[in-house]
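For reference, entry.cif is printed below; it contains mmCIF, C-alpha atoms.
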data_model
loop_
_atom_site.label_atom_id
_atom_site.label_comp_id
_atom_site.auth_asym_id
_atom_site.auth_seq_id
_atom_site.Cartn_x
_atom_site.Cartn_y
_atom_site.Cartn_z
CA MET A 1 180.22 0.88 124.27
CA ILE A 2 176.59 1.10 125.36
CA ILE A 3 173.95 -1.58 124.76
CA GLY A 4 170.29 -0.58 125.04
CA ILE A 5 167.53 -3.07 125.86
CA LEU A 6 164.09 -1.75 124.95
CA LYS A 7 160.64 -2.79 126.09
CA GLU A 8 158.46 -4.30 123.38
CA GLU A 9 155.48 -2.10 122.56
CA ARG A 10 153.68 -4.54 120.24
CA LYS A 11 150.34 -5.78 121.57
CA GLY A 12 150.58 -9.32 122.89
CA GLU A 13 154.38 -9.42 122.85
CA THR A 14 155.64 -10.78 126.17
CA ARG A 15 159.32 -11.38 125.41
CA VAL A 16 162.37 -9.23 126.07
CA ALA A 17 165.51 -9.08 123.93
CA ALA A 18 167.99 -9.60 126.80
CA VAL A 19 167.58 -11.40 130.11
CA PRO A 20 169.51 -10.60 133.33
CA ASP A 21 171.93 -13.53 132.90
CA THR A 22 172.96 -12.17 129.50
CA VAL A 23 173.21 -8.62 130.83
CA LYS A 24 175.73 -9.99 133.33
CA LYS A 25 177.78 -11.31 130.39
CA TYR A 26 177.62 -7.95 128.63
CA THR A 27 178.82 -6.03 131.67
CA ALA A 28 181.60 -8.55 132.29
CA ALA A 29 182.68 -8.03 128.68
CA GLY A 30 182.98 -4.27 129.23
CA PHE A 31 179.63 -3.00 127.97
CA GLU A 32 177.46 -0.48 129.75
CA VAL A 33 173.90 -1.79 129.64
CA LEU A 34 170.82 0.42 129.70
CA VAL A 35 167.47 -1.28 130.25
CA GLU A 36 164.09 0.35 129.80
CA LYS A 37 161.87 0.24 132.88
CA GLU A 38 159.77 -2.96 133.06
CA ALA A 39 161.29 -4.26 129.80
CA GLY A 40 161.39 -7.82 131.13
CA GLN A 41 158.41 -7.72 133.47
CA SER A 42 156.04 -9.77 131.30
CA ALA A 43 158.72 -12.43 130.79
CA GLY A 44 159.32 -12.84 134.51
CA PHE A 45 162.36 -10.58 134.86
CA PRO A 46 161.66 -7.58 137.13
CA ASP A 47 163.87 -4.49 137.03
CA GLU A 48 165.69 -5.51 140.21
CA PHE A 49 167.06 -8.60 138.45
CA TYR A 50 168.67 -6.37 135.83
CA ARG A 51 170.14 -4.06 138.47
CA VAL A 52 171.73 -7.01 140.24
CA ALA A 53 173.15 -8.15 136.89
CA GLY A 54 174.78 -4.75 136.38
CA GLY A 55 172.21 -3.06 134.16
CA ASN A 56 170.94 0.49 134.60
CA ILE A 57 167.18 1.06 134.51
CA VAL A 58 166.56 4.24 132.52
CA SER A 59 163.97 5.89 130.30
CA ARG A 60 163.28 4.80 126.74
CA GLU A 61 164.32 8.23 125.45
CA LYS A 62 167.74 7.99 127.10
CA ILE A 63 168.35 4.58 125.58
CA LEU A 64 167.33 5.71 122.10
CA ARG A 65 169.63 8.72 122.31
CA GLN A 66 172.67 7.16 123.97
CA ALA A 67 172.93 3.47 123.06
CA ASP A 68 175.46 2.38 120.44
CA ILE A 69 173.71 -0.96 119.97
CA LEU A 70 169.94 -1.24 120.30
CA ILE A 71 168.48 -4.70 120.83
CA LYS A 72 164.79 -5.55 120.36
CA ILE A 73 162.57 -8.45 119.47
CA TRP A 74 160.84 -6.40 116.75
CA CYS A 75 161.78 -3.26 114.84
CA LEU A 76 161.36 0.11 116.50
CA PRO A 77 158.06 1.90 115.87
CA LYS A 78 158.40 4.95 113.65
CA LYS A 79 157.61 7.30 116.54
CA ASP A 80 161.04 6.43 117.97
CA PHE A 81 162.97 7.26 114.81
CA PRO A 82 163.48 10.99 115.57
CA LEU A 83 165.43 10.10 118.72
CA LEU A 84 168.00 8.01 116.88
CA HIS A 85 171.28 9.20 115.42
CA ALA A 86 173.59 8.08 112.64
CA GLY A 87 176.05 5.34 113.51
CA GLN A 88 173.80 3.40 115.84
CA ILE A 89 173.27 -0.33 115.31
CA LEU A 90 169.83 -1.91 115.60
CA MET A 91 169.48 -5.67 116.03
CA ALA A 92 165.96 -7.09 115.76
CA ASP A 93 163.56 -9.16 113.72
CA MET A 94 162.92 -6.47 111.14
CA GLU A 95 160.18 -8.38 109.28
CA THR A 96 162.00 -7.45 106.09
CA TYR A 97 159.98 -9.94 104.06
CA HIS A 98 156.74 -8.13 104.91
CA HIS A 99 157.74 -4.54 105.81
CA PRO A 100 160.92 -3.53 103.94
CA GLU A 101 159.96 0.12 104.27
CA TYR A 102 161.10 0.19 107.91
CA ALA A 103 164.69 -0.52 106.92
CA GLN A 104 164.46 2.03 104.13
CA SER A 105 163.31 4.69 106.59
CA LEU A 106 166.16 3.89 108.95
CA SER A 107 168.72 4.08 106.17
CA THR A 108 168.05 7.77 105.73
CA LEU A 109 169.08 8.25 109.37
CA GLY A 110 172.34 6.36 108.93
CA ILE A 111 171.26 3.52 111.22
CA ASP A 112 172.98 0.21 110.59
CA VAL A 113 170.34 -2.52 110.81
CA LEU A 114 171.08 -6.17 111.39
CA ALA A 115 167.94 -8.10 110.46
CA LEU A 116 168.17 -11.18 112.67
CA GLU A 117 165.46 -13.04 110.76
CA LYS A 118 167.78 -13.21 107.74
CA MET A 119 170.44 -15.25 109.56
CA PRO A 120 171.77 -17.84 107.08
CA ARG A 121 171.23 -21.53 107.84
CA ILE A 122 174.89 -22.52 108.09
CA SER A 123 176.58 -24.35 110.94
CA ARG A 124 178.59 -21.29 112.00
CA ALA A 125 175.39 -19.28 112.48
CA GLN A 126 173.34 -21.83 114.41
CA GLY A 127 173.97 -20.18 117.78
CA MET A 128 172.78 -16.83 116.41
CA ASP A 129 169.65 -18.04 114.64
CA ILE A 130 166.57 -16.51 116.28
CA LEU A 131 164.15 -18.21 113.88
CA SER A 132 165.37 -21.65 114.93
CA SER A 133 165.33 -20.94 118.66
CA GLN A 134 161.89 -19.35 118.61
CA SER A 135 160.45 -21.93 116.19
CA ASN A 136 161.65 -24.70 118.46
CA LEU A 137 159.57 -23.29 121.31
CA ALA A 138 156.62 -22.58 119.01
CA GLY A 139 156.54 -26.21 117.88
CA TYR A 140 156.66 -27.42 121.47
CA LYS A 141 153.89 -25.05 122.54
CA ALA A 142 151.73 -26.00 119.54
CA ALA A 143 151.90 -29.65 120.59
CA ILE A 144 151.13 -28.91 124.24
CA LEU A 145 148.27 -26.63 123.25
CA ALA A 146 146.78 -29.22 120.92
CA VAL A 147 146.94 -31.96 123.54
CA ASP A 148 145.34 -29.67 126.10
CA LEU A 149 142.45 -28.82 123.75
CA LEU A 150 141.85 -32.35 122.51
CA ASN A 151 138.83 -33.93 124.18
CA ARG A 152 140.59 -37.25 124.69
CA GLY A 153 143.92 -38.62 125.90
CA THR A 154 146.85 -38.95 123.52
CA ALA A 155 148.60 -42.03 124.92
CA LEU A 156 147.64 -45.69 124.75
CA MET A 157 145.93 -46.63 128.03
CA MET A 158 145.09 -50.23 128.90
CA THR A 159 142.90 -50.30 131.99
CA PRO A 160 140.47 -52.75 133.68
CA ALA A 161 137.69 -50.49 132.41
CA GLY A 162 138.80 -50.69 128.80
CA THR A 163 141.50 -49.59 126.37
CA ILE A 164 142.05 -46.06 125.09
CA ALA A 165 143.73 -46.02 121.68
CA PRO A 166 146.51 -43.45 121.15
CA ALA A 167 145.62 -40.24 119.34
CA LYS A 168 146.95 -39.77 115.82
CA ALA A 169 148.71 -36.57 114.83
CA LEU A 170 149.89 -35.13 111.53
CA ILE A 171 152.60 -32.48 111.23
CA LEU A 172 152.89 -30.58 107.95
CA GLY A 173 156.37 -29.10 107.66
CA ALA A 174 159.37 -30.80 109.22
CA GLY A 175 161.53 -27.79 109.99
CA VAL A 176 162.62 -26.89 113.50
CA ALA A 177 159.06 -26.22 114.69
CA GLY A 178 157.56 -29.27 113.02
CA LEU A 179 160.17 -31.67 114.33
CA GLN A 180 159.82 -30.31 117.86
CA ALA A 181 156.02 -30.64 117.66
CA ALA A 182 156.40 -34.20 116.38
CA SER A 183 158.90 -35.10 119.09
CA THR A 184 156.73 -33.63 121.84
CA LEU A 185 153.58 -35.44 120.65
CA LYS A 186 155.54 -38.67 120.33
CA ARG A 187 156.71 -38.36 123.95
CA LEU A 188 153.10 -37.79 125.00
CA GLY A 189 152.08 -41.08 123.44
CA ALA A 190 150.51 -40.03 120.13
CA VAL A 191 151.10 -41.85 116.85
CA VAL A 192 152.73 -39.14 114.75
CA TYR A 193 152.98 -38.68 110.98
CA VAL A 194 155.03 -35.99 109.25
CA SER A 195 154.99 -34.58 105.72
CA ASP A 196 157.50 -32.28 104.03
CA VAL A 197 158.76 -31.47 100.54
CA ARG A 198 162.46 -31.74 101.48
CA ALA A 199 164.20 -35.10 101.13
CA ALA A 200 166.31 -34.53 104.26
CA ALA A 201 163.14 -34.25 106.33
CA LYS A 202 162.38 -37.96 105.97
CA GLU A 203 165.55 -39.05 107.76
CA GLN A 204 165.14 -36.33 110.40
CA ALA A 205 161.54 -37.34 111.13
CA GLU A 206 162.24 -41.05 111.24
CA SER A 207 165.15 -40.48 113.64
CA LEU A 208 162.52 -39.27 116.12
CA GLY A 209 160.53 -42.46 115.77
CA VAL A 210 157.66 -40.90 113.82
CA LYS A 211 156.27 -41.92 110.44
CA PHE A 212 157.00 -39.95 107.25
CA LEU A 213 154.44 -39.60 104.47
CA THR A 214 156.42 -40.12 101.28
CA VAL A 215 155.05 -38.53 98.10
CA ASP A 216 158.01 -39.09 95.76
CA ALA A 217 161.19 -40.68 97.10
CA ASN A 218 163.23 -39.02 94.34
CA ALA A 219 161.90 -35.47 94.78
CA ASP A 220 163.69 -32.81 96.80
CA PHE A 221 162.60 -29.17 96.93
CA GLU A 222 165.18 -27.61 99.24
CA ASN A 223 167.16 -24.50 98.28
CA LYS A 224 170.70 -23.57 99.33
CA LYS A 225 169.37 -21.70 102.35
CA GLY A 226 167.68 -24.79 103.73
CA TYR A 227 164.13 -23.72 102.92
CA ALA A 228 161.50 -25.37 100.76
CA ALA A 229 161.42 -23.80 97.30
CA GLY A 230 160.40 -24.51 93.73
CA VAL A 231 157.84 -27.17 94.60
CA SER A 232 156.20 -28.49 91.44
CA ARG A 233 152.44 -28.29 90.97
CA ASP A 234 152.27 -32.02 90.33
CA PHE A 235 154.06 -32.81 93.61
CA LEU A 236 151.74 -30.50 95.57
CA LEU A 237 148.66 -32.14 94.09
CA ARG A 238 149.91 -35.61 94.98
CA GLN A 239 150.91 -34.45 98.45
CA LYS A 240 147.45 -33.00 99.04
CA ARG A 241 145.81 -36.30 98.09
CA ILE A 242 148.01 -38.20 100.53
CA VAL A 243 147.47 -35.62 103.28
CA ALA A 244 143.69 -35.64 102.71
CA GLU A 245 143.67 -39.42 103.12
CA GLN A 246 145.75 -39.22 106.30
CA LEU A 247 143.49 -36.53 107.77
CA LYS A 248 140.63 -39.02 107.83
CA GLN A 249 142.33 -40.65 110.79
CA THR A 250 143.98 -37.59 112.33
CA ASP A 251 142.97 -36.16 115.71
CA ILE A 252 145.62 -33.43 115.82
CA LEU A 253 146.91 -31.43 112.84
CA ILE A 254 149.81 -29.00 113.31
CA THR A 255 151.04 -26.99 110.32
CA THR A 256 154.43 -25.25 110.36
CA ALA A 257 155.46 -24.74 106.71
CA PHE A 258 156.39 -21.29 105.50
CA SER A 259 158.41 -19.86 102.61
CA ALA A 260 160.88 -17.08 103.34
CA GLY A 261 159.67 -13.87 101.73
CA LYS A 262 156.44 -15.40 100.49
CA LYS A 263 152.97 -16.12 101.77
CA ALA A 264 152.74 -19.43 103.62
CA PRO A 265 151.52 -22.16 101.23
CA LEU A 266 147.99 -23.47 101.64
CA LEU A 267 148.33 -27.14 102.56
CA ALA A 268 144.91 -28.01 104.00
CA ASP A 269 141.63 -26.52 102.83
CA ASP A 270 138.19 -26.86 104.41
CA LYS A 271 137.27 -29.84 102.23
CA MET A 272 140.33 -31.76 103.41
CA LEU A 273 139.63 -30.91 107.04
CA ALA A 274 136.01 -32.01 106.65
CA GLY A 275 137.24 -35.59 106.48
CA MET A 276 138.83 -35.52 109.95
CA PRO A 277 137.30 -37.53 112.82
CA GLY A 278 135.01 -35.79 115.29
CA ASN A 279 136.33 -33.00 117.53
CA PRO A 280 139.86 -32.69 116.12
CA VAL A 281 142.33 -29.92 116.97
CA VAL A 282 144.11 -27.92 114.26
CA VAL A 283 147.00 -25.57 115.13
CA ASP A 284 148.48 -23.47 112.32
CA ILE A 285 151.65 -21.61 113.31
CA SER A 286 152.52 -20.60 109.74
CA GLY A 287 149.72 -18.09 109.36
CA GLY A 288 148.43 -19.59 106.13
CA ASN A 289 148.85 -23.36 105.80
CA VAL A 290 145.22 -23.88 106.78
CA ALA A 291 142.15 -22.24 105.30
CA GLY A 292 140.37 -21.34 108.51
CA LYS A 293 137.01 -20.54 106.91
CA ASN A 294 133.94 -22.74 106.58
CA LEU A 295 135.26 -25.29 109.05
CA ARG A 296 133.05 -27.84 110.75
CA PRO A 297 131.82 -26.41 114.06
CA ASP A 298 133.42 -29.25 116.05
CA ILE A 299 136.94 -28.47 114.76
CA VAL A 300 139.04 -26.56 117.29
CA PHE A 301 141.15 -24.21 115.15
CA ILE A 302 144.01 -22.01 116.34
CA GLN A 303 146.16 -19.88 114.06
CA ASP A 304 149.06 -18.13 115.78
CA GLU A 305 152.34 -17.15 114.09
CA ASN A 306 153.93 -16.09 117.36
CA LEU A 307 153.40 -18.95 119.80
CA ALA A 308 156.81 -18.32 121.36
CA THR A 309 155.21 -15.41 123.23
CA LYS A 310 153.23 -18.00 125.20
CA LEU A 311 156.57 -19.13 126.70
CA PRO A 312 158.12 -15.70 127.30
CA ASN A 313 160.68 -16.71 129.91
CA SER A 314 162.22 -19.50 127.82
CA ALA A 315 161.81 -17.60 124.54
CA SER A 316 163.53 -14.51 125.95
CA ARG A 317 166.43 -16.58 127.26
CA LEU A 318 167.02 -18.15 123.86
CA PHE A 319 166.61 -14.91 121.90
CA SER A 320 168.98 -13.21 124.32
CA GLY A 321 171.50 -16.01 123.88
CA ASN A 322 171.32 -15.71 120.10
CA VAL A 323 172.13 -12.00 120.21
CA TRP A 324 174.92 -12.48 122.77
CA ASN A 325 176.49 -15.08 120.47
CA LEU A 326 176.33 -12.61 117.58
CA ILE A 327 177.85 -9.71 119.49
CA SER A 328 180.57 -11.76 121.21
CA THR A 329 181.52 -13.49 117.94
CA TYR A 330 182.03 -10.19 116.16
CA GLY A 331 184.25 -8.43 118.63
CA GLY A 332 182.17 -7.61 121.72
CA THR A 333 182.87 -3.98 122.68
CA ALA A 334 184.89 -3.69 119.47
CA PHE A 335 181.90 -4.91 117.49
CA ASN A 336 182.85 -5.12 113.85
CA ILE A 337 180.54 -5.34 110.85
CA SER A 338 182.59 -6.80 108.04
CA ALA A 339 181.08 -6.54 104.59
CA ASP A 340 183.08 -9.58 103.50
CA ASP A 341 181.70 -11.86 106.19
CA GLU A 342 179.05 -14.35 105.02
CA ILE A 343 176.80 -13.88 108.03
CA MET A 344 177.03 -10.10 108.10
CA ALA A 345 176.43 -9.90 104.37
CA ALA A 346 173.20 -11.83 104.87
CA ILE A 347 171.75 -9.91 107.81
CA ARG A 348 173.02 -6.38 107.20
CA ILE A 349 170.32 -4.63 105.21
CA VAL A 350 171.13 -0.96 105.87
CA LYS A 351 174.34 0.80 105.11
CA PRO A 352 174.74 4.13 107.00
CA GLN A 353 174.22 7.07 104.73
CA ALA A 354 175.11 9.86 107.10
CA LYS A 355 178.13 10.75 109.21
CA ARG A 356 177.94 10.01 112.91
CA ARG A 357 177.43 13.04 115.06
CA LYS A 358 178.80 13.40 118.54
CA LYS A 359 176.50 12.67 121.45
CA GLN A 360 175.44 15.68 123.45
#

Rewrite the coordinates I just gave you, this time as structure tokens.
Amino acid sequence: MIIGILKEERKGETRVAAVPDTVKKYTAAGFEVLVEKEAGQSAGFPDEFYRVAGGNIVSREKILRQADILIKIWCLPKKDFPLLHAGQILMADMETYHHPEYAQSLSTLGIDVLALEKMPRISRAQGMDILSSQSNLAGYKAAILAVDLLNRGTALMMTPAGTIAPAKALILGAGVAGLQAASTLKRLGAVVYVSDVRAAAKEQAESLGVKFLTVDANADFENKKGYAAGVSRDFLLRQKRIVAEQLKQTDILITTAFSAGKKAPLLADDKMLAGMPGNPVVVDISGGNVAGKNLRPDIVFIQDENLATKLPNSASRLFSGNVWNLISTYGGTAFNISADDEIMAAIRIVKPQAKRRKKQ
């Protein structure tokens, strides 16, 4: 069976879907691995590393025509569709919540798509969950970025010349990214506060040694998939009042809350941010938690939904490991997509509609 590793064509994307160490695992398991030229270059993995690992550096066209399993960070662009054939398997973040039409187009070609972003949040799937691995790095990078941009130190410093008070940070959203951001800022000496609508988040945050902003101790808005859902209007209003009050003493704000399949909820508007101390840093990795318009000129504002690309080497290693775990768990070279399996049922969004033709 042939695995194809394609170079990402999206502007600003620096990651690669498989690193040389994982290619070595694939070849040892009996796969033939085709790697597009310079696929890993921007992540720090030159072609020679893949050759040493047992991969073959070939053209994009050859991979698209010959690979049984295609692995990417993001879905293929439509210009590549004519080179595909029925029976192939594509594994990628398909952005199904925003662009379902891509999967629909592929279905007419008989391509079986495994949308990695739809991996269920169950213990058995943790090692295959790309959202968790990439969010973990995004939260870390958001914290490092915020500290770097802040015009003061974050840790308590007692010196003969005077005392520097620790910076105060607020994290909105205590998922994987939020908890990593909180943990990183805590290690760097900041006083960290966290807010979330899920009851489980309080215990998780406090286990890191950070403070949790409680709105209603009896409320819990977590669905069966582990995401925030069904948050009442009354709760949101009360949460906003508490957050607005906390922002008055916040030097760093990092927002990480998103809803699967929906627009990220607005958690901090310009009026709330206007109450922050001078020269604060705001990093929004949700793409919508912060209203980035009409902000005070001294507020440093960054909105980036794909911060993992700023750590391409680490992000590629984790993404690659997630996919390896998926493929090895489901049979390796005898890869099997079982319709009855809970994980496959969640991520498989395209059922082949055409018969597989023989390769030329």

### Task
Quick one: pull the distance between CA of Val300 (chain A) and CA of Ala146 (chain A), Å, one decimal.
9.0 Å

### Query
Taking all atoms listed in the file into account, which of A:Ala174, A:Val19, A:Ala291, A:Ile63 comes nearest Glu203 (chain A)?
A:Ala174

### Query
What do you get, as a count of residues only, if you spell out every residue that the PyMOL selection byres ((chain A and resi 192) around 10) selects here?
26

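A straight line drawn from CA of Gln246 (chain A) to CA of Ala274 (chain A) is 12.1 Å long.
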
### Task
Write out as a VMD selection string the residues lying within 12 Å of Ile71 (chain A), counting only C-alpha atoms and excluding same-chain residues fewer than 6 positions away.
chain A and resid 2 to 8 16 to 19 23 33 to 36 39 63 to 64 88 to 94 113 to 116 319 to 320 322 to 324 326 to 327

Dump of C-alpha atoms for the selected residues, as an mmCIF file, keeping the file's coordinate frame:
data_model
loop_
_atom_site.group_PDB
_atom_site.id
_atom_site.type_symbol
_atom_site.label_atom_id
_atom_site.label_comp_id
_atom_site.auth_asym_id
_atom_site.auth_seq_id
_atom_site.Cartn_x
_atom_site.Cartn_y
_atom_site.Cartn_z
ATOM 1 C CA ILE A 2 176.590 1.100 125.360
ATOM 2 C CA ILE A 3 173.950 -1.580 124.760
ATOM 3 C CA GLY A 4 170.290 -0.580 125.040
ATOM 4 C CA ILE A 5 167.530 -3.070 125.860
ATOM 5 C CA LEU A 6 164.090 -1.750 124.950
ATOM 6 C CA LYS A 7 160.640 -2.790 126.090
ATOM 7 C CA GLU A 8 158.460 -4.300 123.380
ATOM 8 C CA VAL A 16 162.370 -9.230 126.070
ATOM 9 C CA ALA A 17 165.510 -9.080 123.930
ATOM 10 C CA ALA A 18 167.990 -9.600 126.800
ATOM 11 C CA VAL A 19 167.580 -11.400 130.110
ATOM 12 C CA VAL A 23 173.210 -8.620 130.830
ATOM 13 C CA VAL A 33 173.900 -1.790 129.640
ATOM 14 C CA LEU A 34 170.820 0.420 129.700
ATOM 15 C CA VAL A 35 167.470 -1.280 130.250
ATOM 16 C CA GLU A 36 164.090 0.350 129.800
ATOM 17 C CA ALA A 39 161.290 -4.260 129.800
ATOM 18 C CA ILE A 63 168.350 4.580 125.580
ATOM 19 C CA LEU A 64 167.330 5.710 122.100
ATOM 20 C CA GLN A 88 173.800 3.400 115.840
ATOM 21 C CA ILE A 89 173.270 -0.330 115.310
ATOM 22 C CA LEU A 90 169.830 -1.910 115.600
ATOM 23 C CA MET A 91 169.480 -5.670 116.030
ATOM 24 C CA ALA A 92 165.960 -7.090 115.760
ATOM 25 C CA ASP A 93 163.560 -9.160 113.720
ATOM 26 C CA MET A 94 162.920 -6.470 111.140
ATOM 27 C CA VAL A 113 170.340 -2.520 110.810
ATOM 28 C CA LEU A 114 171.080 -6.170 111.390
ATOM 29 C CA ALA A 115 167.940 -8.100 110.460
ATOM 30 C CA LEU A 116 168.170 -11.180 112.670
ATOM 31 C CA PHE A 319 166.610 -14.910 121.900
ATOM 32 C CA SER A 320 168.980 -13.210 124.320
ATOM 33 C CA ASN A 322 171.320 -15.710 120.100
ATOM 34 C CA VAL A 323 172.130 -12.000 120.210
ATOM 35 C CA TRP A 324 174.920 -12.480 122.770
ATOM 36 C CA LEU A 326 176.330 -12.610 117.580
ATOM 37 C CA ILE A 327 177.850 -9.710 119.490
#

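Candidate residues A:Arg317, A:Ser328, A:Gln239, A:Val215 were compared for distance to Phe45 (chain A), and the nearest is A:Arg317, using all atoms listed in the file.
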
### Query
Can you list, as a count of residues only, the residues that the PyMOL selection byres ((chain A and resi 178) around 10) selects here?
30

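Applied to this file, the PyMOL selection byres ((chain A and resi 47) around 10) selects Pro20, Val35, Glu36, Lys37, Glu38, Ala39, Gly40, Gln41, Gly44, Phe45, Pro46, Glu48, Phe49, Tyr50, Arg51, Val52, Ala53, Gly55, Asn56 and Ile57 of chain A.
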
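Residue nearest Tyr102 (chain A) within the list A:Ile242, A:Cys75, A:Ala125, A:Met157: A:Cys75 [criterion: smallest interatomic distance, all atoms listed in the file].
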
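Compared by their closest atoms to Gly30 (chain A), and using all atoms listed in the file, the residues A:Leu213, A:Met1, A:Ala43, A:Val290 rank with A:Met1 nearest.
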
Where atoms are absent from region 23-34 of chain A, fill them in so it carries N, CA and C atoms, then output it as a compact mmCIF listing (two decimals), in the frame of the given file.
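Generated file (result_22.txt):
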# COMPACT_ATOMS: atom_id res chain seq x y z
N VAL A 23 172.73 -9.96 130.47
CA VAL A 23 173.21 -8.62 130.83
C VAL A 23 174.49 -8.75 131.66
N LYS A 24 174.53 -9.75 132.52
CA LYS A 24 175.73 -9.99 133.33
C LYS A 24 176.94 -10.29 132.42
N LYS A 25 176.71 -11.02 131.34
CA LYS A 25 177.78 -11.31 130.39
C LYS A 25 178.24 -10.04 129.67
N TYR A 26 177.27 -9.20 129.31
CA TYR A 26 177.62 -7.95 128.63
C TYR A 26 178.48 -7.06 129.53
N THR A 27 178.06 -6.90 130.77
CA THR A 27 178.82 -6.03 131.67
C THR A 27 180.20 -6.60 131.95
N ALA A 28 180.30 -7.92 132.07
CA ALA A 28 181.60 -8.55 132.29
C ALA A 28 182.52 -8.36 131.08
N ALA A 29 181.90 -8.22 129.90
CA ALA A 29 182.68 -8.03 128.68
C ALA A 29 183.07 -6.57 128.46
N GLY A 30 182.59 -5.67 129.33
CA GLY A 30 182.98 -4.27 129.23
C GLY A 30 181.91 -3.33 128.70
N PHE A 31 180.71 -3.85 128.44
CA PHE A 31 179.63 -3.00 127.97
C PHE A 31 178.96 -2.28 129.14
N GLU A 32 178.42 -1.12 128.85
CA GLU A 32 177.46 -0.48 129.75
C GLU A 32 176.09 -0.85 129.22
N VAL A 33 175.21 -1.32 130.09
CA VAL A 33 173.90 -1.79 129.64
C VAL A 33 172.79 -0.93 130.21
N LEU A 34 171.98 -0.37 129.32
CA LEU A 34 170.82 0.42 129.70
C LEU A 34 169.57 -0.40 129.41
